[in-house]
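Structure file my_file_18.cif; described as mmCIF, C-alpha atoms and all ligand atoms.
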data_query
#
loop_
_atom_site.label_atom_id
_atom_site.label_comp_id
_atom_site.auth_asym_id
_atom_site.auth_seq_id
_atom_site.Cartn_x
_atom_site.Cartn_y
_atom_site.Cartn_z
CA MET A 279 -101.52 -95.68 -90.13
CA SER A 280 -98.37 -94.12 -91.50
CA PHE A 281 -97.08 -92.48 -94.62
CA ASP A 282 -93.70 -94.16 -94.00
CA LEU A 283 -91.80 -91.15 -95.22
CA ALA A 284 -88.60 -92.49 -93.66
CA ALA A 285 -88.62 -95.48 -96.01
CA ARG A 286 -89.26 -93.30 -99.05
CA LEU A 287 -86.43 -90.98 -98.10
CA ALA A 288 -84.06 -93.90 -97.45
CA ALA A 289 -84.89 -95.42 -100.84
CA ARG A 290 -84.21 -92.14 -102.57
CA ARG A 291 -80.87 -91.87 -100.78
CA ALA A 292 -79.92 -95.42 -101.74
CA GLU A 293 -80.53 -94.63 -105.42
CA ASN A 294 -78.22 -91.59 -105.31
CA LEU A 295 -81.25 -89.44 -106.06
CA TYR A 296 -81.52 -87.59 -102.76
CA ARG A 297 -81.84 -83.84 -103.27
CA GLN A 298 -80.35 -81.19 -101.04
CA ARG A 299 -80.44 -77.43 -101.19
CA PRO A 300 -77.07 -75.70 -101.27
CA LEU A 301 -77.23 -72.56 -99.14
CA LEU A 302 -76.23 -69.47 -101.14
CA GLU A 303 -74.67 -66.90 -98.84
CA SER A 304 -73.84 -64.23 -101.42
CA PRO A 305 -75.62 -62.52 -104.33
CA GLN A 306 -75.95 -64.47 -107.56
CA GLY A 307 -72.87 -64.26 -109.78
CA PRO A 308 -69.84 -66.25 -110.94
CA GLN A 309 -68.15 -65.98 -107.54
CA VAL A 310 -70.43 -67.11 -104.76
CA VAL A 311 -70.29 -68.39 -101.22
CA VAL A 312 -72.18 -71.64 -100.75
CA ASP A 313 -72.43 -73.47 -97.43
CA GLY A 314 -69.61 -71.31 -96.15
CA GLN A 315 -67.30 -72.10 -99.07
CA PRO A 316 -66.21 -69.58 -101.74
CA LEU A 317 -66.89 -71.18 -105.14
CA LEU A 318 -66.75 -70.34 -108.82
CA ALA A 319 -70.24 -71.30 -109.97
CA PHE A 320 -71.44 -72.55 -113.35
CA CYS A 321 -75.02 -73.43 -112.56
CA SER A 322 -77.25 -70.35 -112.41
CA ASN A 323 -79.70 -69.31 -115.13
CA ASP A 324 -78.65 -65.68 -114.81
CA TYR A 325 -77.36 -65.90 -118.39
CA LEU A 326 -76.78 -62.20 -118.96
CA GLY A 327 -75.49 -61.40 -115.48
CA LEU A 328 -78.38 -59.08 -114.61
CA ALA A 329 -79.56 -60.60 -111.30
CA ASN A 330 -77.17 -58.41 -109.30
CA HIS A 331 -76.79 -55.51 -111.74
CA PRO A 332 -76.48 -52.09 -109.99
CA GLN A 333 -78.98 -50.39 -112.33
CA VAL A 334 -81.54 -53.14 -111.81
CA ILE A 335 -81.07 -52.92 -108.05
CA GLU A 336 -81.47 -49.14 -108.22
CA ALA A 337 -84.70 -49.50 -110.24
CA TRP A 338 -86.00 -51.92 -107.61
CA ARG A 339 -85.10 -49.46 -104.81
CA ALA A 340 -86.71 -46.52 -106.54
CA GLY A 341 -89.76 -48.67 -107.32
CA ALA A 342 -90.14 -49.69 -103.68
CA SER A 343 -89.86 -46.08 -102.53
CA ARG A 344 -92.56 -44.99 -104.93
CA TRP A 345 -94.91 -48.02 -104.93
CA GLY A 346 -94.22 -49.80 -101.68
CA VAL A 347 -93.38 -53.46 -101.40
CA GLY A 348 -96.44 -55.68 -101.60
CA GLY A 349 -98.80 -56.03 -104.57
CA GLY A 350 -101.59 -56.03 -102.02
CA ALA A 351 -104.26 -57.89 -104.01
CA SER A 352 -104.82 -59.91 -107.15
CA HIS A 353 -104.72 -58.17 -110.54
CA LEU A 354 -108.49 -58.31 -110.91
CA VAL A 355 -109.17 -56.73 -107.53
CA ILE A 356 -106.80 -53.83 -106.88
CA GLY A 357 -103.33 -55.34 -107.34
CA HIS A 358 -102.75 -54.39 -110.99
CA SER A 359 -100.59 -51.30 -110.65
CA SER A 360 -98.98 -48.91 -113.13
CA PRO A 361 -95.54 -50.61 -113.13
CA HIS A 362 -97.17 -53.98 -113.95
CA HIS A 363 -99.07 -52.34 -116.76
CA ALA A 364 -96.02 -50.54 -118.12
CA LEU A 365 -94.05 -53.81 -118.06
CA GLU A 366 -96.80 -55.63 -119.95
CA GLU A 367 -96.77 -52.94 -122.62
CA ALA A 368 -92.98 -53.09 -122.87
CA LEU A 369 -93.04 -56.90 -123.16
CA ALA A 370 -95.70 -56.76 -125.87
CA GLU A 371 -93.57 -54.33 -127.84
CA PHE A 372 -90.43 -56.43 -127.23
CA THR A 373 -92.08 -59.63 -128.47
CA GLY A 374 -93.91 -57.93 -131.34
CA ARG A 375 -97.24 -59.14 -130.01
CA PRO A 376 -100.38 -57.02 -129.47
CA ARG A 377 -100.50 -57.86 -125.75
CA ALA A 378 -98.60 -59.49 -122.92
CA LEU A 379 -99.82 -60.65 -119.53
CA LEU A 380 -97.66 -60.77 -116.42
CA PHE A 381 -97.68 -63.86 -114.16
CA THR A 382 -95.98 -64.34 -110.80
CA THR A 383 -93.89 -67.32 -111.95
CA GLY A 384 -93.23 -69.30 -115.10
CA TYR A 385 -94.81 -72.34 -113.49
CA MET A 386 -98.04 -70.37 -113.04
CA ALA A 387 -97.91 -68.90 -116.55
CA ASN A 388 -97.72 -72.39 -118.03
CA LEU A 389 -100.46 -73.82 -115.82
CA GLY A 390 -102.61 -70.80 -116.57
CA ALA A 391 -102.18 -70.71 -120.33
CA VAL A 392 -102.63 -74.43 -120.99
CA THR A 393 -105.60 -74.92 -118.66
CA ALA A 394 -107.34 -71.81 -120.00
CA LEU A 395 -106.96 -72.94 -123.61
CA VAL A 396 -107.78 -76.65 -123.53
CA GLY A 397 -110.00 -78.93 -121.45
CA GLN A 398 -112.08 -82.05 -121.75
CA GLY A 399 -112.64 -83.06 -125.37
CA ASP A 400 -109.51 -81.20 -126.51
CA THR A 401 -105.97 -82.40 -127.12
CA VAL A 402 -102.60 -81.26 -125.83
CA LEU A 403 -99.43 -82.57 -127.46
CA GLU A 404 -96.08 -82.03 -125.78
CA ASP A 405 -92.44 -82.75 -126.39
CA ARG A 406 -91.32 -85.60 -124.10
CA LEU A 407 -88.56 -83.42 -122.67
CA ASN A 408 -90.71 -80.39 -121.91
CA HIS A 409 -90.27 -78.60 -118.59
CA ALA A 410 -92.17 -80.16 -115.68
CA SER A 411 -94.51 -77.16 -115.45
CA LEU A 412 -95.70 -77.74 -119.03
CA LEU A 413 -96.24 -81.45 -118.47
CA ASP A 414 -98.12 -80.75 -115.23
CA ALA A 415 -100.23 -78.15 -117.05
CA GLY A 416 -101.15 -80.66 -119.75
CA LEU A 417 -102.22 -83.25 -117.19
CA LEU A 418 -104.16 -80.72 -115.13
CA SER A 419 -106.03 -79.38 -118.16
CA GLY A 420 -108.14 -82.53 -118.51
CA ALA A 421 -107.50 -82.54 -122.27
CA ARG A 422 -106.26 -85.68 -124.00
CA PHE A 423 -102.56 -85.57 -123.22
CA ASN A 424 -99.90 -87.09 -125.42
CA ARG A 425 -96.15 -86.73 -125.68
CA TYR A 426 -94.28 -86.84 -128.98
CA LEU A 427 -90.65 -87.87 -129.48
CA HIS A 428 -88.16 -85.21 -128.59
CA ASN A 429 -88.07 -82.43 -131.17
CA ASP A 430 -89.53 -84.78 -133.79
CA ALA A 431 -92.00 -83.09 -136.16
CA ALA A 432 -92.89 -86.43 -137.80
CA SER A 433 -93.80 -87.91 -134.43
CA LEU A 434 -95.90 -84.81 -133.74
CA ALA A 435 -97.61 -85.11 -137.13
CA LYS A 436 -98.68 -88.68 -136.33
CA ARG A 437 -100.28 -87.59 -133.09
CA LEU A 438 -101.93 -84.61 -134.75
CA GLU A 439 -103.71 -87.05 -137.06
CA LYS A 440 -105.58 -88.48 -134.08
CA ALA A 441 -106.17 -85.21 -132.24
CA THR A 442 -109.71 -84.14 -131.40
CA GLY A 443 -111.15 -80.80 -130.33
CA ASN A 444 -109.01 -77.71 -129.92
CA THR A 445 -105.43 -78.86 -130.17
CA LEU A 446 -102.49 -77.22 -128.47
CA VAL A 447 -98.91 -78.20 -129.33
CA VAL A 448 -96.54 -77.25 -126.52
CA THR A 449 -92.76 -77.10 -126.54
CA ASP A 450 -89.83 -75.59 -124.70
CA GLY A 451 -87.92 -73.13 -126.92
CA VAL A 452 -84.54 -74.09 -125.47
CA PHE A 453 -84.68 -77.42 -123.65
CA SER A 454 -83.66 -76.65 -120.11
CA MET A 455 -81.65 -79.76 -119.29
CA ASP A 456 -80.15 -80.40 -122.75
CA GLY A 457 -79.55 -76.92 -124.15
CA ASP A 458 -80.73 -77.83 -127.65
CA ILE A 459 -83.45 -75.75 -129.30
CA ALA A 460 -86.83 -76.77 -130.68
CA ASP A 461 -87.16 -77.15 -134.44
CA LEU A 462 -89.84 -74.48 -134.39
CA PRO A 463 -90.26 -73.95 -138.14
CA ALA A 464 -91.10 -77.65 -138.59
CA LEU A 465 -93.32 -77.84 -135.50
CA ALA A 466 -95.16 -74.66 -136.54
CA ARG A 467 -95.71 -76.07 -140.03
CA GLU A 468 -97.24 -79.29 -138.69
CA ALA A 469 -99.40 -77.45 -136.19
CA LYS A 470 -100.69 -74.98 -138.79
CA ALA A 471 -101.46 -77.72 -141.29
CA LYS A 472 -103.83 -79.25 -138.75
CA GLY A 473 -105.28 -76.01 -137.40
CA ALA A 474 -103.57 -76.57 -134.05
CA TRP A 475 -101.99 -73.80 -131.98
CA LEU A 476 -98.33 -73.80 -131.07
CA MET A 477 -97.33 -72.65 -127.57
CA VAL A 478 -93.63 -72.03 -126.94
CA ASP A 479 -92.11 -71.64 -123.49
CA ASP A 480 -88.88 -69.78 -124.17
CA ALA A 481 -87.69 -69.47 -120.58
CA HIS A 482 -84.05 -70.02 -121.60
CA GLY A 483 -84.12 -68.36 -125.01
CA PHE A 484 -85.14 -64.81 -124.14
CA GLY A 485 -81.93 -62.89 -123.60
CA PRO A 486 -79.25 -65.18 -125.04
CA LEU A 487 -80.97 -65.96 -128.38
CA GLY A 488 -81.99 -63.64 -131.21
CA ALA A 489 -80.23 -60.50 -132.43
CA ASN A 490 -82.01 -58.41 -129.79
CA GLY A 491 -82.52 -61.07 -127.16
CA GLY A 492 -85.98 -61.89 -128.53
CA GLY A 493 -85.34 -65.59 -128.09
CA ILE A 494 -86.03 -68.54 -130.35
CA VAL A 495 -88.86 -66.81 -132.21
CA GLU A 496 -86.53 -63.99 -133.20
CA HIS A 497 -83.77 -66.52 -133.94
CA PHE A 498 -85.98 -68.26 -136.52
CA GLY A 499 -87.83 -65.13 -137.64
CA LEU A 500 -91.24 -66.67 -136.90
CA SER A 501 -94.50 -64.76 -136.98
CA ARG A 502 -97.36 -64.44 -134.51
CA GLU A 503 -99.35 -66.84 -136.67
CA ASP A 504 -96.58 -69.44 -136.36
CA VAL A 505 -96.45 -69.12 -132.57
CA PRO A 506 -99.78 -67.82 -131.26
CA VAL A 507 -98.87 -68.43 -127.60
CA LEU A 508 -95.44 -67.25 -126.48
CA VAL A 509 -94.26 -67.65 -122.88
CA GLY A 510 -91.19 -66.07 -121.33
CA THR A 511 -89.91 -66.18 -117.78
CA LEU A 512 -88.21 -63.32 -115.98
CA GLY A 513 -86.17 -65.29 -113.45
CA LYS A 514 -83.53 -66.40 -115.93
CA ALA A 515 -81.79 -64.00 -118.32
CA PHE A 516 -83.92 -61.07 -117.11
CA GLY A 517 -82.38 -61.65 -113.68
CA THR A 518 -85.57 -60.80 -111.75
CA ALA A 519 -88.71 -62.94 -111.23
CA GLY A 520 -92.09 -63.60 -112.80
CA ALA A 521 -93.19 -64.55 -116.29
CA PHE A 522 -95.35 -63.44 -119.18
CA VAL A 523 -97.56 -64.79 -121.92
CA ALA A 524 -97.60 -62.78 -125.15
CA GLY A 525 -100.13 -63.05 -127.96
CA SER A 526 -103.26 -61.65 -129.48
CA GLU A 527 -105.75 -59.33 -127.81
CA GLU A 528 -108.23 -62.22 -127.63
CA LEU A 529 -105.70 -64.60 -126.12
CA ILE A 530 -104.77 -62.21 -123.33
CA GLU A 531 -108.37 -61.27 -122.58
CA SER A 532 -109.20 -64.99 -122.40
CA LEU A 533 -106.39 -65.59 -119.94
CA ILE A 534 -107.63 -62.72 -117.77
CA GLN A 535 -111.07 -64.38 -117.74
CA PHE A 536 -110.15 -68.06 -117.48
CA ALA A 537 -106.56 -68.62 -116.29
CA ARG A 538 -107.02 -69.58 -112.64
CA PRO A 539 -103.32 -69.28 -111.71
CA TYR A 540 -103.57 -65.69 -112.98
CA ILE A 541 -106.82 -64.82 -111.27
CA TYR A 542 -106.42 -66.36 -107.83
CA THR A 543 -103.06 -65.05 -106.78
CA THR A 544 -101.57 -61.81 -105.51
CA SER A 545 -99.81 -59.68 -108.09
CA GLN A 546 -96.03 -59.58 -107.91
CA PRO A 547 -94.51 -56.62 -106.02
CA PRO A 548 -94.77 -53.54 -108.27
CA ALA A 549 -91.12 -52.73 -107.50
CA LEU A 550 -90.20 -56.02 -109.13
CA ALA A 551 -91.86 -54.84 -112.33
CA CYS A 552 -89.79 -51.63 -112.08
CA ALA A 553 -86.63 -53.75 -111.83
CA THR A 554 -87.67 -55.91 -114.78
CA LEU A 555 -88.35 -52.82 -116.92
CA LYS A 556 -84.72 -51.85 -116.36
CA SER A 557 -83.38 -55.35 -117.02
CA LEU A 558 -85.44 -55.55 -120.22
CA GLU A 559 -83.78 -52.34 -121.37
CA LEU A 560 -80.30 -53.77 -120.62
CA LEU A 561 -81.17 -57.13 -122.16
CA ARG A 562 -82.18 -55.49 -125.44
CA SER A 563 -79.49 -52.85 -125.74
CA GLU A 564 -76.31 -54.39 -124.32
CA HIS A 565 -75.41 -56.66 -127.21
CA TRP A 566 -71.96 -57.25 -125.76
CA ARG A 567 -73.53 -59.57 -123.20
CA ARG A 568 -74.80 -61.94 -125.91
CA GLU A 569 -71.56 -61.66 -127.87
CA HIS A 570 -69.35 -62.35 -124.86
CA LEU A 571 -71.56 -65.31 -123.95
CA GLN A 572 -71.09 -66.77 -127.44
CA THR A 573 -67.31 -66.40 -127.07
CA LEU A 574 -67.43 -68.30 -123.79
CA ILE A 575 -69.66 -71.02 -125.26
CA ARG A 576 -67.21 -71.58 -128.12
CA GLN A 577 -64.27 -71.59 -125.71
CA PHE A 578 -65.97 -74.11 -123.42
CA ARG A 579 -67.02 -76.47 -126.21
CA HIS A 580 -63.61 -76.41 -127.81
CA GLY A 581 -61.86 -77.04 -124.48
CA ALA A 582 -64.29 -79.77 -123.39
CA GLU A 583 -63.89 -81.61 -126.70
CA GLN A 584 -60.12 -81.58 -126.24
CA ILE A 585 -60.55 -83.21 -122.84
CA GLY A 586 -62.79 -85.81 -124.48
CA LEU A 587 -66.00 -84.93 -122.65
CA GLU A 588 -69.37 -85.87 -124.09
CA LEU A 589 -71.23 -82.63 -124.80
CA MET A 590 -74.74 -82.22 -126.11
CA ASP A 591 -75.94 -80.59 -129.32
CA SER A 592 -76.18 -77.06 -127.93
CA PHE A 593 -75.08 -73.57 -128.89
CA THR A 594 -76.93 -72.04 -125.94
CA PRO A 595 -75.51 -71.15 -122.49
CA ILE A 596 -76.74 -74.57 -121.28
CA GLN A 597 -73.80 -76.92 -121.92
CA PRO A 598 -74.44 -80.24 -120.17
CA ILE A 599 -71.74 -82.89 -119.88
CA MET A 600 -73.35 -86.30 -120.26
CA ILE A 601 -72.32 -88.77 -117.55
CA GLY A 602 -75.03 -91.46 -117.49
CA ASP A 603 -74.84 -92.96 -114.03
CA ALA A 604 -76.34 -90.80 -111.27
CA GLY A 605 -73.75 -91.82 -108.68
CA ARG A 606 -70.90 -90.95 -110.99
CA ALA A 607 -72.45 -87.57 -111.81
CA VAL A 608 -72.73 -86.76 -108.11
CA ARG A 609 -69.13 -87.91 -107.58
CA VAL A 610 -67.77 -85.61 -110.30
CA SER A 611 -69.83 -82.72 -108.96
CA GLN A 612 -68.32 -83.32 -105.49
CA MET A 613 -64.79 -83.53 -106.88
CA LEU A 614 -65.27 -80.23 -108.69
CA ARG A 615 -66.53 -78.67 -105.50
CA GLU A 616 -63.38 -79.78 -103.67
CA ARG A 617 -61.54 -77.79 -106.34
CA GLY A 618 -63.64 -74.69 -105.72
CA LEU A 619 -65.98 -75.19 -108.69
CA MET A 620 -69.73 -75.55 -108.50
CA VAL A 621 -71.55 -77.47 -111.23
CA THR A 622 -74.83 -79.23 -110.46
CA ALA A 623 -75.40 -82.90 -111.14
CA ILE A 624 -78.84 -83.35 -112.72
CA ARG A 625 -80.37 -86.74 -112.09
CA PRO A 626 -83.62 -88.58 -112.72
CA PRO A 627 -86.49 -87.86 -112.49
CA THR A 628 -85.52 -84.42 -113.80
CA VAL A 629 -83.85 -86.21 -116.76
CA PRO A 630 -84.54 -89.71 -118.14
CA ALA A 631 -83.02 -92.69 -116.28
CA GLY A 632 -79.40 -93.36 -117.25
CA SER A 633 -78.81 -89.82 -118.51
CA ALA A 634 -77.50 -88.07 -115.41
CA ARG A 635 -75.34 -85.14 -116.36
CA LEU A 636 -73.43 -82.14 -115.15
CA ARG A 637 -75.42 -79.11 -116.16
CA VAL A 638 -72.84 -76.45 -116.92
CA THR A 639 -74.31 -73.02 -117.55
CA LEU A 640 -72.33 -70.04 -118.72
CA THR A 641 -73.20 -66.39 -118.19
CA ALA A 642 -72.07 -63.06 -119.59
CA ALA A 643 -70.66 -62.31 -116.14
CA HIS A 644 -68.06 -65.09 -116.47
CA SER A 645 -64.60 -64.30 -117.83
CA GLU A 646 -62.56 -66.40 -120.25
CA ALA A 647 -60.09 -67.02 -117.41
CA GLN A 648 -62.92 -68.44 -115.28
CA VAL A 649 -64.05 -70.75 -118.06
CA GLN A 650 -60.44 -71.94 -118.34
CA LEU A 651 -60.45 -72.70 -114.60
CA LEU A 652 -63.55 -74.84 -115.13
CA LEU A 653 -61.91 -76.70 -118.03
CA ASP A 654 -58.76 -77.32 -115.98
CA GLY A 655 -60.85 -78.59 -113.07
CA LEU A 656 -62.85 -80.91 -115.34
CA ALA A 657 -59.69 -82.32 -116.95
CA ASP A 658 -58.24 -82.98 -113.52
CA CYS A 659 -61.39 -84.68 -112.17
CA PHE A 660 -61.95 -86.94 -115.14
CA GLN A 661 -58.30 -87.95 -115.18
CA GLN A 662 -58.44 -88.87 -111.52
CA LEU A 663 -61.75 -90.68 -111.90
CA GLY A 664 -60.47 -92.90 -114.69
CA PRO A 665 -62.48 -94.32 -117.57
CA GLU A 666 -66.18 -94.82 -117.16
CA PRO A 667 -67.17 -98.36 -116.14
CA SER A 668 -68.50 -99.83 -119.40
CA HIS A 669 -72.23 -100.36 -119.33
CA ALA A 670 -74.09 -102.93 -121.36
C1 LIG B 701 -87.60 -72.21 -115.13
C2 LIG B 701 -88.59 -72.64 -116.11
C3 LIG B 701 -89.95 -72.45 -115.88
C4 LIG B 701 -90.47 -71.95 -114.56
O1 LIG B 701 -90.28 -70.60 -114.44
P1 LIG B 701 -90.30 -69.96 -112.98
O2 LIG B 701 -90.50 -68.52 -113.22
O3 LIG B 701 -88.96 -70.28 -112.39
O4 LIG B 701 -91.42 -70.61 -112.24
C5 LIG B 701 -90.84 -72.77 -116.87
N1 LIG B 701 -90.41 -73.28 -118.03
C6 LIG B 701 -89.11 -73.53 -118.28
C7 LIG B 701 -88.71 -74.12 -119.58
C8 LIG B 701 -88.17 -73.22 -117.32
O5 LIG B 701 -86.89 -73.48 -117.54
#

Show how you would write the structure in this file as structure tokens.
Amino acid sequence: MSFDLAARLAARRAENLYRQRPLLESPQGPQVVVDGQPLLAFCSNDYLGLANHPQVIEAWRAGASRWGVGGGASHLVIGHSSPHHALEEALAEFTGRPRALLFTTGYMANLGAVTALVGQGDTVLEDRLNHASLLDAGLLSGARFNRYLHNDAASLAKRLEKATGNTLVVTDGVFSMDGDIADLPALAREAKAKGAWLMVDDAHGFGPLGANGGGIVEHFGLSREDVPVLVGTLGKAFGTAGAFVAGSEELIESLIQFARPYIYTTSQPPALACATLKSLELLRSEHWRREHLQTLIRQFRHGAEQIGLELMDSFTPIQPIMIGDAGRAVRVSQMLRERGLMVTAIRPPTVPAGSARLRVTLTAAHSEAQVQLLLDGLADCFQQLGPEPSHA
């Protein structure tokens, strides 16, 4: 009897889909050391440059001195401490919702929210390109699970016609591998017309989007009734770790009762909540970070178009360059690395077959000169690589 892992690994390698973990030997930031090599990186989700911010670090230190390191227990036992509570109140105020509930990761927040809200006899409808954690949550819930065409309200409407039981429509706010944003006004309209609830996971929108960093919901000016279940993660623009679900009093109380990934896990370190309280303050008040980011995004798109690269329909910090073939994407990523630039190749199954891409991400910590270095490196690589082999 054997699992024959060697054969599975060899097959993955042969398809150019083998995954490896680069070893980061410096703090997060534009200039990093990876596997012993100094690199200029364009692949983190630290969009506002807060992951290594001195004030956030200081808040973490002070938090650890006052509250210790470990959470010590689950929230329902004796692990729900004052910093967690203060952060929940701050996040509720920030999102304009009555309550917010802190989770240890975004993956857990999504599993918890979906499985607490729908089950057998219900329906969950998801965008085809939703984050893996949302798709896993839908499958795990036991509800009837269906995917609609990407960002297509008409395709959603068709599936809503056939929905039974409590119906939850679930979408990313900003699509993590494409950088485009959900057409929330249209999705909310369809959901409301059928009495379904809309859940938005805005992991990549909080921070960069909205006048005050309030994400896609602030961007579109949507109400609590439009988006009854709002998820944010803290490991991206907040620069820390964890996640939250924001919504009504009843929603949050229900999650506390029924969301297993909330109940059966140790609370995050209280000092982490102290750090996030500080990063939330910076995220809201330091508008220059969003403005600078927009300048860099415009600069990158303009430069990339001049080189003739195929960009995606995105005004967010996620600016993928479409390549297609997985092997070619890996090759370009390697060539960039030889030039001191780090950009990750994203391949199936993370993205659909034939749509491998370089996922460029920009952050407020980058300078215009650094973005120019990236553009120069890209021009050089693509020139050396020659035209793409034509595919049928
Ligand atoms: C990163 C991400 C998550 C997972 O969040 P973690 O806190 O990293 O577990 C969930 N949803 C989306 C859209 C994400 O991009």

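When all atoms listed in the file are used to measure the gap to Ala471 in chain A, the shortest distance among A:Val448, A:Gly384, A:Gly492, A:Asp504 belongs to A:Asp504.
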
Compile a residue-level contact table for chain A against ligand LIG 701 (chain B) at a cut-off of 10 Å, reporting for every qualifying residue the shortest atom pair and its distance in Å to one decimal, with all atoms listed in the file counted, rows ordered by chain and ascending number, as JSON lines.
{"residue": "A:Asn323", "atom": "CA", "partner": "B:LIG701", "partner_atom": "C1", "distance": 8.4}
{"residue": "A:Phe381", "atom": "CA", "partner": "B:LIG701", "partner_atom": "O2", "distance": 8.6}
{"residue": "A:Thr382", "atom": "CA", "partner": "B:LIG701", "partner_atom": "O2", "distance": 7.3}
{"residue": "A:Thr383", "atom": "CA", "partner": "B:LIG701", "partner_atom": "O2", "distance": 3.8}
{"residue": "A:Gly384", "atom": "CA", "partner": "B:LIG701", "partner_atom": "O1", "distance": 3.3}
{"residue": "A:Tyr385", "atom": "CA", "partner": "B:LIG701", "partner_atom": "O4", "distance": 4.0}
{"residue": "A:Met386", "atom": "CA", "partner": "B:LIG701", "partner_atom": "O4", "distance": 6.7}
{"residue": "A:Ala387", "atom": "CA", "partner": "B:LIG701", "partner_atom": "O4", "distance": 8.0}
{"residue": "A:Asn388", "atom": "CA", "partner": "B:LIG701", "partner_atom": "C5", "distance": 7.0}
{"residue": "A:Leu389", "atom": "CA", "partner": "B:LIG701", "partner_atom": "C5", "distance": 9.7}
{"residue": "A:Leu407", "atom": "CA", "partner": "B:LIG701", "partner_atom": "C7", "distance": 9.8}
{"residue": "A:Asn408", "atom": "CA", "partner": "B:LIG701", "partner_atom": "C7", "distance": 7.0}
{"residue": "A:His409", "atom": "CA", "partner": "B:LIG701", "partner_atom": "C7", "distance": 4.8}
{"residue": "A:Ala410", "atom": "CA", "partner": "B:LIG701", "partner_atom": "N1", "distance": 7.5}
{"residue": "A:Ser411", "atom": "CA", "partner": "B:LIG701", "partner_atom": "C5", "distance": 5.9}
{"residue": "A:Leu412", "atom": "CA", "partner": "B:LIG701", "partner_atom": "N1", "distance": 7.0}
{"residue": "A:Thr449", "atom": "CA", "partner": "B:LIG701", "partner_atom": "C7", "distance": 8.6}
{"residue": "A:Asp450", "atom": "CA", "partner": "B:LIG701", "partner_atom": "C7", "distance": 5.4}
{"residue": "A:Gly451", "atom": "CA", "partner": "B:LIG701", "partner_atom": "C7", "distance": 7.4}
{"residue": "A:Val452", "atom": "CA", "partner": "B:LIG701", "partner_atom": "C7", "distance": 7.2}
{"residue": "A:Phe453", "atom": "CA", "partner": "B:LIG701", "partner_atom": "C7", "distance": 6.6}
{"residue": "A:Ser454", "atom": "CA", "partner": "B:LIG701", "partner_atom": "O5", "distance": 5.2}
{"residue": "A:Met455", "atom": "CA", "partner": "B:LIG701", "partner_atom": "O5", "distance": 8.4}
{"residue": "A:Val478", "atom": "CA", "partner": "B:LIG701", "partner_atom": "C7", "distance": 9.1}
{"residue": "A:Asp479", "atom": "CA", "partner": "B:LIG701", "partner_atom": "C7", "distance": 5.7}
{"residue": "A:Asp480", "atom": "CA", "partner": "B:LIG701", "partner_atom": "C7", "distance": 6.3}
{"residue": "A:Ala481", "atom": "CA", "partner": "B:LIG701", "partner_atom": "C7", "distance": 4.9}
{"residue": "A:His482", "atom": "CA", "partner": "B:LIG701", "partner_atom": "O5", "distance": 6.0}
{"residue": "A:Gly483", "atom": "CA", "partner": "B:LIG701", "partner_atom": "C7", "distance": 9.2}
{"residue": "A:Val509", "atom": "CA", "partner": "B:LIG701", "partner_atom": "N1", "distance": 8.4}
{"residue": "A:Gly510", "atom": "CA", "partner": "B:LIG701", "partner_atom": "N1", "distance": 8.0}
{"residue": "A:Thr511", "atom": "CA", "partner": "B:LIG701", "partner_atom": "O2", "distance": 5.2}
{"residue": "A:Leu512", "atom": "CA", "partner": "B:LIG701", "partner_atom": "O2", "distance": 6.3}
{"residue": "A:Gly513", "atom": "CA", "partner": "B:LIG701", "partner_atom": "O2", "distance": 5.4}
{"residue": "A:Lys514", "atom": "CA", "partner": "B:LIG701", "partner_atom": "C1", "distance": 7.1}
{"residue": "A:Thr518", "atom": "CA", "partner": "B:LIG701", "partner_atom": "O2", "distance": 9.3}
{"residue": "A:Ala519", "atom": "CA", "partner": "B:LIG701", "partner_atom": "O2", "distance": 6.2}
{"residue": "A:Gly520", "atom": "CA", "partner": "B:LIG701", "partner_atom": "O2", "distance": 5.2}
{"residue": "A:Ala521", "atom": "CA", "partner": "B:LIG701", "partner_atom": "O2", "distance": 5.7}
{"residue": "A:Phe522", "atom": "CA", "partner": "B:LIG701", "partner_atom": "O2", "distance": 9.2}

Shell of 10 Å around Glu503 in chain A, all atoms listed in the file, local chain residues under 2 positions omitted, as a list of chain:residue names: A:Ala466, A:Lys470, A:Trp475, A:Leu476, A:Leu500, A:Ser501, A:Val505, A:Pro506, A:Val507, A:Gly525, A:Ser526

Contacts of Glu666 in chain A within 12 Å, only C-alpha atoms, excl. fewer than 2 positions in-chain, as a list of chain:residue names: A:Leu587, A:Glu588, A:Met600, A:Ile601, A:Gly602, A:Asp603, A:Gly605, A:Arg606, A:Ala607, A:Val610, A:Phe660, A:Gln661, A:Gln662, A:Leu663, A:Gly664, A:Ser668, A:His669

Per-residue nearest contacts of range 496-525 of chain A to range 560-582 of chain A (10 Å; only C-alpha atoms) as CSV:
residue,atom,partner,partner_atom,distance
A:Ala515,CA,A:Leu561,CA,7.9
A:Phe516,CA,A:Leu561,CA,7.0
A:Gly517,CA,A:Leu561,CA,9.7

Nearest-residue call for Thr554 in chain A, choices A:Pro308, A:Pro361, A:Pro630, A:Pro316, using all atoms listed in the file: A:Pro361

Do a neighbour search on Pro463 in chain A at 10 Å with only C-alpha atoms, toss out local chain neighbours closer than 4 positions, and write the hits as JSON, numbers by chain. {"A": [431, 467, 468, 469, 495, 498, 499, 500, 504, 505]}

Residues from last step as file, C-alpha atoms, as a short mmCIF file (atom, residue, chain, number, x, y, z; two decimals), keeping the file's coordinate frame:
data_model
loop_
_atom_site.label_atom_id
_atom_site.label_comp_id
_atom_site.auth_asym_id
_atom_site.auth_seq_id
_atom_site.Cartn_x
_atom_site.Cartn_y
_atom_site.Cartn_z
CA ALA A 431 -92.00 -83.09 -136.16
CA ARG A 467 -95.71 -76.07 -140.03
CA GLU A 468 -97.24 -79.29 -138.69
CA ALA A 469 -99.40 -77.45 -136.19
CA VAL A 495 -88.86 -66.81 -132.21
CA PHE A 498 -85.98 -68.26 -136.52
CA GLY A 499 -87.83 -65.13 -137.64
CA LEU A 500 -91.24 -66.67 -136.90
CA ASP A 504 -96.58 -69.44 -136.36
CA VAL A 505 -96.45 -69.12 -132.57
#
